file query.csv (CSV, C-alpha atoms and all ligand atoms)
chain,number,residue,atom,x,y,z
A,211,MET,CA,-2.3,3.3,35.6
A,212,ALA,CA,-4.9,5.4,33.7
A,213,GLU,CA,-8.1,3.6,32.8
A,214,ARG,CA,-9.1,5.8,29.9
A,215,LEU,CA,-7.5,7.9,27.2
A,216,THR,CA,-7.3,11.7,27.8
A,217,THR,CA,-8.9,14.1,25.3
A,218,GLU,CA,-5.4,15.0,24.1
A,219,GLN,CA,-4.5,11.3,23.5
A,220,ILE,CA,-7.8,10.8,21.6
A,221,GLU,CA,-6.9,13.6,19.3
A,222,ARG,CA,-3.2,12.6,18.9
A,223,TYR,CA,-4.1,9.0,18.0
A,224,SER,CA,-7.4,9.7,16.3
A,225,ARG,CA,-6.3,8.6,12.8
A,226,GLN,CA,-5.3,5.1,14.1
A,227,ILE,CA,-8.2,4.9,16.6
A,228,MET,CA,-10.4,5.3,13.5
A,229,VAL,CA,-9.0,2.1,11.9
A,230,PRO,CA,-11.7,-0.5,12.5
A,231,ASP,CA,-9.1,-3.2,13.5
A,232,LEU,CA,-7.7,-0.9,16.2
A,233,GLY,CA,-10.0,1.4,18.0
A,234,GLY,CA,-9.9,2.9,21.5
A,235,LYS,CA,-9.4,-0.3,23.4
A,236,ALA,CA,-6.4,-1.2,21.3
A,237,GLN,CA,-5.0,2.3,21.8
A,238,MET,CA,-5.4,1.9,25.5
A,239,ARG,CA,-3.4,-1.3,25.3
A,240,LEU,CA,-0.7,0.4,23.2
A,241,CYS,CA,-0.4,3.2,25.8
A,242,GLN,CA,0.1,0.5,28.5
A,243,SER,CA,2.6,-1.5,26.5
A,244,ARG,CA,6.4,-1.8,26.9
A,245,VAL,CA,8.6,-2.4,23.9
A,246,LEU,CA,12.3,-3.0,24.0
A,247,VAL,CA,14.3,-1.9,20.9
A,248,ILE,CA,17.7,-3.5,20.6
A,249,GLY,CA,19.9,-1.0,18.7
A,250,ALA,CA,19.2,2.6,17.8
A,251,GLY,CA,20.5,2.2,14.3
A,252,GLY,CA,19.1,1.6,10.8
A,253,LEU,CA,16.3,-0.7,12.0
A,254,GLY,CA,15.8,0.6,15.5
A,255,SER,CA,15.4,4.2,14.3
A,256,PRO,CA,12.3,3.8,12.1
A,257,ALA,CA,10.9,1.2,14.4
A,258,ALA,CA,11.2,3.4,17.5
A,259,PHE,CA,10.0,6.4,15.7
A,260,TYR,CA,6.7,4.8,14.7
A,261,LEU,CA,6.3,3.1,18.0
A,262,ALA,CA,6.7,6.4,19.8
A,263,ALA,CA,4.3,8.1,17.4
A,264,ALA,CA,1.7,5.3,17.9
A,265,GLY,CA,1.8,5.9,21.7
A,266,ILE,CA,3.6,2.9,23.1
A,267,GLY,CA,3.7,3.6,26.8
A,268,THR,CA,7.3,2.6,27.5
A,269,LEU,CA,10.2,2.2,25.0
A,270,GLY,CA,13.5,0.7,26.1
A,271,ILE,CA,16.4,1.5,23.9
A,272,VAL,CA,19.6,-0.5,24.1
A,273,ASP,CA,22.8,0.8,22.3
A,274,ALA,CA,26.4,1.2,23.5
A,275,ASP,CA,27.6,3.3,20.6
A,276,GLN,CA,28.0,7.0,19.9
A,277,VAL,CA,26.5,8.7,16.8
A,278,ALA,CA,29.0,8.8,13.9
A,279,LEU,CA,28.7,10.8,10.6
A,280,SER,CA,28.4,7.6,8.6
A,281,ASN,CA,25.3,6.5,10.6
A,282,LEU,CA,23.2,9.5,9.5
A,283,GLN,CA,22.4,8.1,6.1
A,284,ARG,CA,20.1,5.5,7.7
A,285,GLN,CA,19.8,6.0,11.4
A,286,ILE,CA,17.2,8.7,11.3
A,287,LEU,CA,16.7,9.2,15.0
A,288,HIS,CA,20.0,11.0,15.0
A,289,ALA,CA,20.9,14.4,13.4
A,290,THR,CA,24.2,16.0,12.4
A,291,GLY,CA,24.4,17.9,15.8
A,292,ASP,CA,24.2,14.6,17.6
A,293,ILE,CA,27.6,13.3,16.3
A,294,GLY,CA,29.7,12.0,19.2
A,295,ARG,CA,26.6,11.8,21.5
A,296,PRO,CA,25.5,8.4,22.9
A,297,LYS,CA,22.9,7.0,20.6
A,298,VAL,CA,20.5,6.2,23.4
A,299,GLU,CA,20.6,9.9,24.5
A,300,SER,CA,20.0,11.2,21.0
A,301,ALA,CA,17.2,8.6,20.5
A,302,LYS,CA,15.5,9.6,23.8
A,303,ALA,CA,15.6,13.3,22.9
A,304,THR,CA,14.2,12.7,19.4
A,305,LEU,CA,11.4,10.4,20.6
A,306,THR,CA,10.5,12.5,23.6
A,307,ALA,CA,10.2,15.6,21.3
A,308,LEU,CA,7.9,13.6,19.0
A,309,ASN,CA,5.7,12.3,21.8
A,310,PRO,CA,6.3,13.4,25.5
A,311,ASP,CA,3.7,10.7,26.6
A,312,VAL,CA,6.2,7.9,25.9
A,313,GLU,CA,8.6,7.0,28.7
A,314,VAL,CA,12.0,6.2,27.1
A,315,LYS,CA,14.3,4.0,29.2
A,316,THR,CA,17.9,4.0,28.0
A,317,TYR,CA,20.4,1.2,28.3
A,318,PRO,CA,23.9,2.5,27.1
A,319,VAL,CA,25.3,-1.0,27.0
A,320,ARG,CA,26.0,-3.8,24.6
A,321,PHE,CA,23.1,-6.3,24.9
A,322,ASP,CA,25.1,-9.4,25.9
A,323,HIS,CA,24.8,-12.6,28.0
A,324,SER,CA,25.6,-10.7,31.2
A,325,ASN,CA,22.7,-8.3,31.0
A,326,ALA,CA,20.2,-9.6,28.4
A,327,GLU,CA,17.8,-11.3,30.7
A,328,ALA,CA,17.7,-8.4,33.3
A,329,ILE,CA,17.1,-5.8,30.5
A,330,ALA,CA,14.4,-7.8,28.6
A,331,ALA,CA,12.4,-8.9,31.6
A,332,GLY,CA,9.1,-7.0,31.9
A,333,PHE,CA,8.9,-5.9,28.3
A,334,ASP,CA,5.9,-7.1,26.2
A,335,PHE,CA,7.7,-7.2,22.8
A,336,ILE,CA,11.2,-6.9,21.5
A,337,VAL,CA,12.3,-5.3,18.2
A,338,ASP,CA,15.6,-6.8,17.3
A,339,GLY,CA,17.5,-4.1,15.4
A,340,SER,CA,20.9,-5.5,16.2
A,341,ASP,CA,23.6,-5.7,13.5
A,342,ASN,CA,25.3,-9.0,14.3
A,343,PHE,CA,24.5,-12.7,14.5
A,344,ASP,CA,25.6,-13.2,18.1
A,345,SER,CA,23.1,-10.5,19.2
A,346,LYS,CA,20.3,-11.9,17.0
A,347,PHE,CA,20.7,-15.4,18.5
A,348,LEU,CA,20.9,-14.0,22.0
A,349,VAL,CA,17.7,-11.9,21.5
A,350,ASN,CA,16.0,-15.1,20.2
A,351,ASP,CA,17.1,-17.3,23.1
A,352,ILE,CA,16.3,-14.7,25.8
A,353,ALA,CA,12.9,-13.9,24.3
A,354,VAL,CA,12.0,-17.6,24.0
A,355,LYS,CA,13.2,-18.2,27.5
A,356,LEU,CA,11.1,-15.3,28.9
A,357,GLY,CA,8.2,-15.9,26.6
A,358,ILE,CA,8.4,-12.5,25.0
A,359,ALA,CA,7.3,-12.1,21.4
A,360,PHE,CA,9.8,-10.4,19.1
A,361,SER,CA,10.5,-9.3,15.6
A,362,HIS,CA,13.7,-10.6,14.0
A,363,ALA,CA,15.2,-8.7,11.1
A,364,GLY,CA,18.4,-8.5,9.0
A,365,ILE,CA,19.4,-6.1,6.3
A,366,VAL,CA,22.3,-5.9,3.9
A,367,ARG,CA,22.9,-3.8,0.7
A,368,LEU,CA,19.5,-3.8,-1.1
A,369,GLN,CA,18.0,-6.7,0.8
A,370,GLY,CA,16.1,-7.3,4.0
A,371,GLN,CA,14.4,-10.1,5.9
A,372,VAL,CA,12.0,-10.0,8.8
A,373,MET,CA,10.0,-12.5,10.8
A,374,THR,CA,7.9,-12.4,14.0
A,375,VAL,CA,8.3,-15.0,16.7
A,376,VAL,CA,5.7,-15.7,19.3
A,377,PRO,CA,7.4,-18.2,21.8
A,378,GLY,CA,5.5,-21.4,22.3
A,379,LYS,CA,3.3,-20.7,19.3
A,380,SER,CA,5.5,-20.1,16.3
A,381,ALA,CA,8.9,-21.1,14.9
A,382,CYS,CA,11.8,-19.2,16.4
A,383,TYR,CA,15.0,-17.9,14.8
A,384,ARG,CA,16.9,-21.0,15.8
A,385,CYS,CA,14.3,-23.2,14.2
A,386,LEU,CA,15.4,-21.5,10.9
A,387,PHE,CA,19.1,-21.2,11.6
A,388,ARG,CA,20.6,-23.5,14.3
A,389,THR,CA,23.8,-21.5,14.9
A,390,PRO,CA,25.4,-18.3,13.7
A,391,PRO,CA,27.2,-18.6,10.3
A,392,PRO,CA,31.0,-18.8,10.2
A,393,PRO,CA,32.6,-15.3,10.3
A,394,GLU,CA,33.8,-15.5,6.7
A,395,GLU,CA,30.2,-15.8,5.4
A,396,ILE,CA,29.0,-12.7,7.3
A,397,LEU,CA,28.4,-9.5,5.4
A,398,SER,CA,27.9,-6.6,7.8
A,399,CYS,CA,26.6,-3.2,7.0
A,400,GLN,CA,30.0,-1.9,7.7
A,401,ALA,CA,31.6,-4.1,5.2
A,402,ALA,CA,28.9,-4.6,2.6
A,403,GLY,CA,26.8,-1.4,2.7
A,404,ILE,CA,23.1,-0.7,3.1
A,405,LEU,CA,20.6,1.6,1.5
A,406,GLY,CA,19.0,3.6,4.2
A,407,ALA,CA,15.5,3.4,2.7
A,408,VAL,CA,15.8,-0.5,2.8
A,409,ALA,CA,16.5,-0.3,6.6
A,410,GLY,CA,13.5,2.0,6.8
A,411,THR,CA,11.1,-0.4,5.1
A,412,ILE,CA,12.2,-3.4,7.3
A,413,GLY,CA,12.3,-1.4,10.5
A,414,THR,CA,8.8,-0.1,9.8
A,415,ILE,CA,7.5,-3.6,9.2
A,416,GLN,CA,9.0,-4.5,12.7
A,417,ALA,CA,7.1,-1.6,14.3
A,418,THR,CA,3.9,-2.7,12.5
A,419,GLU,CA,4.2,-6.2,13.8
A,420,ALA,CA,4.8,-4.9,17.4
A,421,ILE,CA,1.7,-2.7,17.2
A,422,LYS,CA,-0.4,-5.6,15.7
A,423,TYR,CA,0.8,-8.0,18.4
A,424,LEU,CA,0.1,-5.6,21.2
A,425,ALA,CA,-3.3,-4.6,19.8
A,426,GLY,CA,-4.3,-8.3,19.7
A,427,PHE,CA,-3.9,-9.4,16.1
A,428,GLU,CA,-3.4,-13.1,16.3
A,429,ASP,CA,-3.8,-14.4,12.8
A,430,GLY,CA,-2.1,-11.8,10.7
A,431,LEU,CA,1.3,-11.8,12.3
A,432,LEU,CA,4.4,-12.5,10.3
A,433,THR,CA,4.9,-15.8,12.1
A,434,ASP,CA,6.2,-19.1,10.7
A,435,ARG,CA,7.3,-17.3,7.6
A,436,LEU,CA,10.3,-15.3,6.7
A,437,LEU,CA,9.6,-12.2,4.6
A,438,ILE,CA,12.4,-11.4,2.2
A,439,TYR,CA,12.6,-8.0,0.5
A,440,ASP,CA,14.6,-7.5,-2.6
A,441,ALA,CA,14.7,-3.7,-3.2
A,442,LYS,CA,16.7,-4.0,-6.4
A,443,MET,CA,13.9,-5.9,-8.2
A,444,MET,CA,11.3,-4.5,-5.8
A,445,ARG,CA,9.9,-7.9,-4.9
A,446,PHE,CA,8.8,-9.4,-1.6
A,447,ARG,CA,8.7,-13.2,-1.2
A,448,GLU,CA,8.0,-15.5,1.7
A,449,VAL,CA,9.7,-18.6,2.9
A,450,GLU,CA,7.7,-20.9,5.2
A,451,VAL,CA,9.4,-21.7,8.5
A,452,ARG,CA,8.4,-24.7,10.6
A,453,ARG,CA,9.0,-25.3,14.3
A,454,ASP,CA,11.8,-27.7,14.7
A,455,PRO,CA,11.1,-30.2,17.5
A,456,GLN,CA,14.9,-30.5,18.0
A,457,CYS,CA,15.4,-26.7,18.2
A,458,PHE,CA,18.0,-25.7,20.7
A,459,ALA,CA,15.9,-22.8,21.9
A,460,CYS,CA,12.3,-23.8,21.7
A,461,GLY,CA,12.4,-27.6,21.1
A,462,ALA,CA,11.0,-30.4,23.3
A,463,ALA,CA,14.4,-30.9,25.1
A,464,THR,CA,14.5,-27.3,26.4
B,501,ZN,ZN,13.0,-22.8,17.8

call {"tool": "encode", "arguments": {"input": "query.csv", "output": "structure tokens"}}
result
Amino acid sequence: MAERLTTEQIERYSRQIMVPDLGGKAQMRLCQSRVLVIGAGGLGSPAAFYLAAAGIGTLGIVDADQVALSNLQRQILHATGDIGRPKVESAKATLTALNPDVEVKTYPVRFDHSNAEAIAAGFDFIVDGSDNFDSKFLVNDIAVKLGIAFSHAGIVRLQGQVMTVVPGKSACYRCLFRTPPPPEEILSCQAAGILGAVAGTIGTIQATEAIKYLAGFEDGLLTDRLLIYDAKMMRFREVEVRRDPQCFACGAAT
């Protein structure tokens, strides 16, 4: 593995290397980091875009779907010409065109109990851009088990929520919600709608948290608090989240 940045890398990343909280060492860490993005959709698109632009060394993209016309309003990794193409292929082409330095690993599968641990192992951070509760709980449980920090997020209509979990240090998603809600309470993007720019805001926060975590920001992470975004009233608020000692995923009994 390279020990120092190339002249081209220094120029490409110069505007973020200049940021006093980052710098060359942090950039080197980003270039050696591996981030897994679950879902190349409304959240995964902006997250993966900014992670690739920032020079994350390896991006894993998990998605079993093909690009559909109704995806394009928010899933900005994909273009009209990609309709019918596997999302992971379209994502890889877009991200590689943006930054050929990034190795994009594709997983054209649904992230489920049979493959989650094998896929996630070896990644340094997970961006959960999945669109269903089963996947969100699975990402949480696998990440906690493997000790991988991750960003949880959910979006619907004009609202979003996002939280960072550092296993062993902060509250996890199951500390907040023990089990998935009953199906009749679930509003999905498919049924309820979503404004693309709302997904963009939340996915971009997820990328920011991944970069901060990998660059070594300990104190400023979005841990032990759920950030709730109300785009209609253009307000952000936070809900404090405490670690639950009885948590099924990260509690004392596990
Ligand atoms: Zn927990």

call {"tool": "residues_near_ligand", "arguments": {"input": "query.csv", "ligand": "ligand ZN 501 (chain B)", "cutoff": "9 Å", "atoms": "only C-alpha atoms and all ligand atoms", "output": "PyMOL selection string"}}
result
chain A and resi 350-351+354+377-378+380-388+452-461

call {"tool": "atom_distance", "arguments": {"input": "query.csv", "atom1": "CA of Ser361 (chain A)", "atom2": "CA of Thr433 (chain A)"}}
result
9.3 Å

call {"tool": "residues_near_point", "arguments": {"input": "query.csv", "point": "(9.2, -10.2, 31.1)", "cutoff": "9 Å", "atoms": "all atoms listed in the file", "output": "mmCIF file with C-alpha atoms, in the coordinates of the input"}}
result
data_model
loop_
_atom_site.group_PDB
_atom_site.id
_atom_site.type_symbol
_atom_site.label_atom_id
_atom_site.label_comp_id
_atom_site.auth_asym_id
_atom_site.auth_seq_id
_atom_site.Cartn_x
_atom_site.Cartn_y
_atom_site.Cartn_z
ATOM 1 C CA GLU A 327 17.800 -11.300 30.700
ATOM 2 C CA ALA A 328 17.700 -8.400 33.300
ATOM 3 C CA ALA A 330 14.400 -7.800 28.600
ATOM 4 C CA ALA A 331 12.400 -8.900 31.600
ATOM 5 C CA GLY A 332 9.100 -7.000 31.900
ATOM 6 C CA PHE A 333 8.900 -5.900 28.300
ATOM 7 C CA ASP A 334 5.900 -7.100 26.200
ATOM 8 C CA PHE A 335 7.700 -7.200 22.800
ATOM 9 C CA ALA A 353 12.900 -13.900 24.300
ATOM 10 C CA LEU A 356 11.100 -15.300 28.900
ATOM 11 C CA GLY A 357 8.200 -15.900 26.600
ATOM 12 C CA ILE A 358 8.400 -12.500 25.000
#

call {"tool": "atom_distance", "arguments": {"input": "query.csv", "atom1": "CA of Val376 (chain A)", "atom2": "CA of Asp275 (chain A)"}}
result
29.0 Å

call {"tool": "closest_residue", "arguments": {"input": "query.csv", "among": "A:Ala420, A:Leu261, A:Ile271, A:Ala278", "to": "Ala359 (chain A)", "atoms": "all atoms listed in the file"}}
result
A:Ala420

call {"tool": "residues_around", "arguments": {"input": "query.csv", "residues": "Phe446 (chain A)", "least_positions_apart": "4", "cutoff": "10 Å", "atoms": "all atoms listed in the file", "output": "PyMOL selection string"}}
result
chain A and resi 369-371+437-441

call {"tool": "write_last_selection", "arguments": {"input": "query.csv", "atoms": "C-alpha atoms", "output": "CSV table (one decimal), keeping the file's coordinate frame"}}
result
chain,number,residue,atom,x,y,z
A,369,GLN,CA,18.0,-6.7,0.8
A,370,GLY,CA,16.1,-7.3,4.0
A,371,GLN,CA,14.4,-10.1,5.9
A,437,LEU,CA,9.6,-12.2,4.6
A,438,ILE,CA,12.4,-11.4,2.2
A,439,TYR,CA,12.6,-8.0,0.5
A,440,ASP,CA,14.6,-7.5,-2.6
A,441,ALA,CA,14.7,-3.7,-3.2

call {"tool": "atom_distance", "arguments": {"input": "query.csv", "atom1": "CA of Asp344 (chain A)", "atom2": "CA of Pro393 (chain A)"}}
result
10.7 Å

call {"tool": "closest_residue", "arguments": {"input": "query.csv", "among": "A:Ser255, A:Asn309, A:Thr464, A:Asn325", "to": "Leu287 (chain A)", "atoms": "all atoms listed in the file"}}
result
A:Ser255

call {"tool": "closest_residue", "arguments": {"input": "query.csv", "among": "A:Lys355, A:Lys235, A:Lys297, A:Arg244", "to": "Thr268 (chain A)", "atoms": "only C-alpha atoms"}}
result
A:Arg244
